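See below for the structure under consideration.
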Amino acid sequence: MTSFGVNGKSIETNKSPDTPLLWVLREHLKLTGTKYGCGAGLCGACTVHIDGKAALSCLTPLSAVQGAEVTTIEGLSADNSHPLQVAWIKEQVPQCGYCQSGQIMKAATLLEHNTNPSREEIVQHMNLNLCRCGTYSRIIKAIQRAAAEMQS
Amino acid sequence: MSAQKKIDSRLSVDSLNRRGFIKTAAGLSFVVSIGGLLSACGEAAPPAPGQPSPGKNLDANIWVTIGTDDSIEIVCPATEMGQGSMTSLPVIVCEELDADWSKVKVIPVTRHDPAYGNPDFGGQLYTAGQASIESYFNIMRHAGAQARLILVDAASRHWGVPHSELVTETSQVHHKPSARSLSYGELAVVARIPDPLPAITDADLKPRSAYRIIGKTTERLDIPEKVDGSAIFGIDMQLPDLHYGMVVRAPVEGSKPEEINHSVDDEEGIIAVVPLDYGVGIVGTTIESVLNAREKIKVSWSKGRVASTQSSAATLDEYEQIARDYSTRGSIWHERGGVEEALGNAVQLIEAEYQTDYAYHAQMEPINATALVNDTGDAAEIWVSTQTQTLTVYAAARALGTSNDKIIVHPLYIGGGFGRRTHMQYVEDAVLLSKATGKPVKAIWTREDDVKNGLFRPLSAHNIRAGLDENGRITAWYHRIATPSVLAYFKPGRWENAEGLDVISMKSSDNSNYDIPNMRAEHLITERRARIVPYRGIGAGYTKFAIESFVDEIAAARHMDPLALRLELSHESSRMQTVLKDLAQFCEWDRPRQGKALGLCVTGYGETVAAGAAEVSLDNASGLITVHSFWVVVDPGLVIDPGNTVAQMEGAVVFGVSHTLKERITIKDGVVDQSNFHDYPILRMAETPEIHVKVLSTDNPPTGIGETGVPLTAAAVANAVASLEGIRLRHLPLTPERVLAALRSKASPSV
């Protein structure tokens with residue numbers, strides 16, 4: 001039995017401890033905002049927070065979240081009000097949108113620790129997360145916008 | 001209510017279950033029995049037995065429904081993959097309807113119905129080739145104007161005043177002389193649908209000067225759902241009792257399973273191992289059980305398709321030989337003047353060869369489809385990311401041996417299309433596995449499945465000869481392209497009637513923006529040695545690489561500025577002249593750059609014209625090219641949404657630079673060497689240039705924007721490298737190894 005929290009709710013599951021967290025979130029808990037992109041930690045589409053740190057849920061076995069608190073895109077805010085979500089809409093970042101949950105969750109951990117990141121710091125932090133539609137420059141702008149918003 | 005929406009209303013995803021589906025199938029038969037599904041469209045067909053009455057919402061035509069609650073439902077025939085059609089097409093309707101945009105709800109098309117089909121795709125529902133705006137602009141304008149006329153007519157009769165005294169604005173009809181107003185919702189209650197519907201002519205449409213939302217940036221309707229995780233992509237589909245399916249696919253195209261080790265039958269969660277003609281299906285109750293089981297299954301395969309077992313390197317060699325062997329004749333894609341005679345009369349001949357490797361779409365959402373087949377195996381409901389409802393229906397109907405009207409398809413958000421989701425074997429997977437098990441099945445390809453069994457942009461080999469007269473002017477241009485026919489493989493029915501003209505393989509090779517009097521683009525249709533489908537930019541991705549690189553090579557031979565040569569060549573195209581001159585200013589073409597250089601490329605894609613400039617540097621030790629900045633000027637005629645146009649250009653430039661620098665599929669013994677993003681890298685944020693886009697809205701009809709940016713990139717980068725280092729890169733992608741090889745041969749030219 002694995003016990004952990006997801007977006008503030010307690011979860012207990014008897015799924016095999018080696019089950020990737022990604023499948024538990026998406027297919028068992030129906031939290032489909034977290035995406036499967038590569039299954040190998042190469043694209044970042046599956047990024048969630050585990051105890052506040054960005055983690056690749058496709059590489060995280062269920063056993064690794066015993067007792068931990070997991071936050072997914074669905075738990076980032078109740079109403080699209082996180083400064084990053086507001087900025088993402090303002091900058092009209094997504095195209096197909098498939099990678100954007102992972103992008104936003106990854107960016108959120110940057111702003112947790114650095115409220116005024118430089119462009120280089122943003123790029124360094126975000127570089128794992130792939131976007132085939134090529135929205136990278138808007139992601140950078142949206143993170144800068146959210147950072148400015150959070151400071152004001 | 002249109003038949004379309006009736007079917008939708010009966011098929012709410014939330015309430016769906018096995019019984020519900022059977023009822024649905026019965027309902028479908030009912031609609032068909034009253035004169036065919038298609039003829040029922042647009043008529044006030046009676047509701048199916050036991051279904052609620054449609055109420056008093058006004059189905060103004062097959063595209064527009066006005067709710068008594070002031071809601072505006074607009075049918076969008078295109079599927080949404082990030083290109084923005086789900087917003088831009090309804091915007092066009094809304095403009096002519098004078099509707100309140102905030103009340104608009106977009107309704108998808110969930111079956112194959114030529115009434116909604118794209119006239120430029122033979123009436124198929126097909127989202128590709130940056131065609132949606134161009135193909136539907138008039139249809140959508142007429143739909144909106146017709147609905148507006150019905151509402152104005154209702155107000156006219158209600159108040160007893162002439163049409164000429166009525167004005168419409170933001171879902172209201174105003175009668176200013178009496179200071180009265182009615183909302184569209186109020187009018188929906190009293191309006192009558194005339195039979196026939198009122199005819200609309202172009203004279204009934206607004207002049208461009210009256211547009212309120214066309215030409216302005218509208219926030220895309222799908223974006224809020226895409227930042228809170230609630231957007232449902234195909235792979236996100238959930239259903240009661242949902243099962244998971246995967247197909248272990250043959251390593252070589254055409255191999256069939258011969259022996260299958262069934263020991264996974266008793267694996268926890270596995271309910272079926274399903275031998276298929278092209279692989280072995282595994283169905284289980286959880287995705288992880290299926291992933292585990294597929295590792296244990298052992299399959300021996302028959303010999304594959306022989307033509308697909310040749311290595312990609314040998315195939316490209318073969319294509320190169322064919323391209324340069326002028327005794328081999330191909331299909332003439334474009335011809336003007338007399339190219340052979342003009343080459344014979346030329347004072348100077350210039351010849352060059354270019355090659356491009358296989359490229360993979362790398363769309364972020366892996367391939368998948370969810371299907372529920374009924375108990376008798378002759379009807380299905382499908383939830384899927386697809387670029388074409390029509391081909392989805394065809395594929396499912398063919399797999400079940402049933403008729404097209406027995407298939408309902410729910411097009412969900414697409415996590416990247418780029419052409420990949422026009423080929424439908426993944427729909428077949430889901431349908432066959434659901435039929436075999438009697439369960440709703442979500443069939444997923446892993447990333448590795450998709451790369452290993454990829455449907456690529458084909459290899460291409462180019463030989464181009466240009467003839468110059470005594471003044472250096474290009475009088476002849478002969479472009480031979482050896483590449484297989486994409487159309488013949490992925491749309492054999494269409495190819496049968498295409499008379500050898502493959503618009504996918506040969507796109508934009510006609511040099512329509514260049515004034516070259518004698519010109520031929522010839523398609524040497526080579527043997528297909530891999531599975532090939534359209535890829536963003538289609539043939540223009542490689543034809544423009546060859547053409548626009550060659551233009552710079554000719555400029556170098558003439559000691560001429562590449563910009564000046566392009567201005568000379570395009571002097572009869574005022575649109576191209578404008579974008580080129582604007583681009584030159586925009587990128588400061590004449591400004592010297594320390595350690596960097598600029599390269600140019602222009603493209604026409606359909607009627608859209610664009611010019612791009614890349615600013616690059618080169619690390620001579622590693623051979624690594626860096627694209628620092630990219631400028632685009634684009635003229636897509638009337639611009640529907642400038643913000644989205646910029647976004648599409650930015651995205652296409654990233655895609656284009658990615659495939660220019662990095663993307664390469666290789667095949668050995670019929671097996672694809674690559675498998676995931678570690679060995680098929682795509683551009684990352686750190687490698688992304690600064691992109692500057694200028695959008696010109698012109699008097700021309702609106703044309704597409706999704707593809708145009710891709711063919712702008714490769715030649716611009718190669719030309720910039722040539723300008724910087726004096727090396728000419730003629731093989732795409734421009735990998736460090738190829739750059740280093742070019743640097744070496746520059747240092748010690750072969751004899």
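Lettering and numbering for the structure tokens are positional, with chains as A, B, ... in the shown order, residues counted from 1 in each chain, and ligands counted from 1 in the shown order.
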
Members of stretch 500-570 of chain B assigned helix (DSSP H, G or I) by DSSP, as a VMD selection string: chain B and resid 503 to 506 540 to 557 562 to 569

Chain B contacts to chain A at 7 Å (only C-alpha atoms) as a PyMOL selection string: chain B and resi 81-83+223-224+226-230+236+288+363-366+414-416+447+650-651+654-655+676-678+684-686

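Nearest to B:Pro198 of all the residues B:Thr388, B:Ser255, B:Ser723, B:Asn61 is B:Asn61, based on only C-alpha atoms.
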
Neighbour list for B:Thr201 as a PyMOL selection string, cut-off 12 Å, only C-alpha atoms, skip fewer than 5 positions in-chain: chain B and resi 138-139+141-143+145-146+149+206

Could you pull out the strand (DSSP E or B) residues of chain A from DSSP and send them as a compact mmCIF listing (two decimals) with N, CA and C atoms, in the first residue's frame?
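Saved the output as states.txt:
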```
# COMPACT_ATOMS: atom_id res chain seq x y z
N THR A 2 0.60 2.14 -0.91
CA THR A 2 1.34 3.40 -0.95
C THR A 2 0.38 4.52 -0.57
N SER A 3 0.81 5.36 0.33
CA SER A 3 -0.01 6.50 0.75
C SER A 3 0.71 7.79 0.38
N PHE A 4 0.01 8.66 -0.26
CA PHE A 4 0.61 9.96 -0.60
C PHE A 4 -0.51 10.96 -0.84
N GLY A 5 -0.13 12.20 -1.01
CA GLY A 5 -1.13 13.24 -1.25
C GLY A 5 -1.04 13.72 -2.69
N VAL A 6 -2.20 14.00 -3.26
CA VAL A 6 -2.23 14.62 -4.58
C VAL A 6 -3.14 15.83 -4.54
N LYS A 9 -5.33 16.01 -1.54
CA LYS A 9 -6.17 14.86 -1.17
C LYS A 9 -5.30 13.67 -0.84
N SER A 10 -5.75 12.88 0.14
CA SER A 10 -5.00 11.68 0.50
C SER A 10 -5.35 10.54 -0.44
N ILE A 11 -4.31 9.87 -0.88
CA ILE A 11 -4.49 8.75 -1.81
C ILE A 11 -3.86 7.51 -1.17
N GLU A 12 -4.56 6.42 -1.23
CA GLU A 12 -3.96 5.14 -0.84
C GLU A 12 -4.16 4.20 -2.00
N THR A 13 -3.11 3.52 -2.38
CA THR A 13 -3.24 2.62 -3.53
C THR A 13 -2.43 1.36 -3.31
N PRO A 20 4.95 3.58 -12.71
CA PRO A 20 5.31 5.00 -12.84
C PRO A 20 4.19 5.91 -12.32
N THR A 47 6.03 16.67 -16.11
CA THR A 47 6.56 17.32 -14.91
C THR A 47 5.46 17.62 -13.89
N VAL A 48 5.69 17.20 -12.65
CA VAL A 48 4.81 17.53 -11.53
C VAL A 48 5.70 18.02 -10.38
N HIS A 49 5.08 18.39 -9.30
CA HIS A 49 5.86 18.74 -8.11
C HIS A 49 5.73 17.62 -7.08
N ILE A 50 6.84 17.20 -6.54
CA ILE A 50 6.83 16.27 -5.41
C ILE A 50 7.46 16.99 -4.24
N LYS A 53 9.18 20.13 -5.34
CA LYS A 53 10.28 20.10 -6.31
C LYS A 53 9.78 19.52 -7.63
N ALA A 54 10.27 20.07 -8.73
CA ALA A 54 9.87 19.55 -10.04
C ALA A 54 10.40 18.13 -10.21
N ALA A 55 9.53 17.25 -10.69
CA ALA A 55 9.94 15.85 -10.88
C ALA A 55 9.31 15.33 -12.16
N LEU A 56 10.01 14.38 -12.77
CA LEU A 56 9.50 13.76 -14.00
C LEU A 56 8.69 12.53 -13.59
N PRO A 61 8.88 6.07 -9.70
CA PRO A 61 8.01 4.96 -9.31
C PRO A 61 7.11 5.37 -8.14
N GLU A 69 3.81 14.75 -0.91
CA GLU A 69 2.69 15.51 -1.47
C GLU A 69 3.01 15.82 -2.94
N VAL A 70 2.13 15.37 -3.80
CA VAL A 70 2.30 15.57 -5.24
C VAL A 70 1.35 16.67 -5.68
N THR A 71 1.86 17.61 -6.47
CA THR A 71 0.98 18.64 -7.05
C THR A 71 1.05 18.51 -8.56
```
